[in-house]
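Q: Structure in structure tokens, see below.
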Amino acid sequence: MQSLQIDKKRKKIIFQDQNKSMVYLLRFVFILNLTNAVIFFLLFNYQEDMLKWLWLIFALLNIILLYLSLTKLSVKSELDFEEIDFVQKHQILGILFKLKDGKRRKVFIQRNSQDAEKLIKMFPAS
């Protein structure tokens, strides 16, 4: 079960979810796909075939997705209040923390829960 705790004394939000392992799994899959695409591109490199270009496109797509997961997704399990820029409701994910360093931290809780409403009031979008 996913939950979060708001610690007002230490000015932190503590997450108890599987976000870190999911983001690391996602990065591993992107690296695995990239390796696979490079190997197949090199295998089909000596043939004038459409398949060679499809593997190149697949490799470039995985490079972009890996870069975005490294630079835009946060895996922190504790956030200081000062790190949070704003909190917003997300249609599918629940709530989304936008951090001041440009990264995002997703929390898969109900959008209309009491915790979500507290956080949105504490950190309004500008």
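FYI, nothing fancy with the structure tokens labels: chains A, B, ... in order, residues from 1 per chain, ligands from 1 as they appear.
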List every residue of range 44-87 of chain A that DSSP, applied to the backbone, labels as alpha helix (DSSP H), and write the result as a PyMOL selection string.

A: chain A and resi 50-72

Q: Check chain A with DSSP on the backbone and list each residue it calls strand (DSSP E), as number ranges by chain.

A: A: 3-7, 12-16, 78-80, 84-90, 94-99, 104-107

Q: Grab the CA of Lys11 in chain A to CA of His90 in chain A distance for me, in Å with one decimal place.

A: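 So the two atoms, CA of Lys11 in chain A and CA of His90 in chain A, lie 23.7 Å apart.
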
Q: Could you tell me how far CA of Leu26 in chain A sits from CA of Met50 in chain A, in Å to one decimal place?

A: 28.0 Å

Q: Residues at most 8 Å from Lys89 in chain A, counting only C-alpha atoms, excluding those fewer than 3 positions away in the same chain, as a PyMOL selection string?

A: chain A and resi 94-96+111+116+120

Q: Determine, counting only C-alpha atoms, which protein, DNA and RNA residues have an atom within 6 Å of an atom of range 73-83 of chain A; residues of the same chain fewer than 2 positions away are not included. Present the result as a ChimeraX atom specification.

A: /A:11-15,20,69,99-100,103-105

Q: Between CA of Leu4 in chain A and CA of Phe86 in chain A, what is the distance, to one decimal in Å?

A: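 Taking CA of Leu4 in chain A as the start and CA of Phe86 in chain A as the end point, the length is 16.4 Å.
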
Q: Which of these residues is nearest to Asp101 in chain A, using only C-alpha atoms: A:Lys72, A:Arg27, A:Lys9, A:Lys52?

A: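 Among A:Lys72, A:Arg27, A:Lys9, A:Lys52, it is A:Lys72 that comes nearest to Asp101 in chain A.
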
Q: Find the residues around range 38-47 of chain A up to 12 Å (only C-alpha atoms counted), leave out those fewer than 4 positions away in its own chain, and share them as a list in words.

A: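 Once the nearby chain positions are removed, what remains is Ile31, Leu32, Asn33, Leu34, Leu51, Lys52, Trp53, Leu54, Trp55, Leu56, Ile57, Phe58, Ala59, Leu60, Leu61, Asn62 and Ile63 of chain A.
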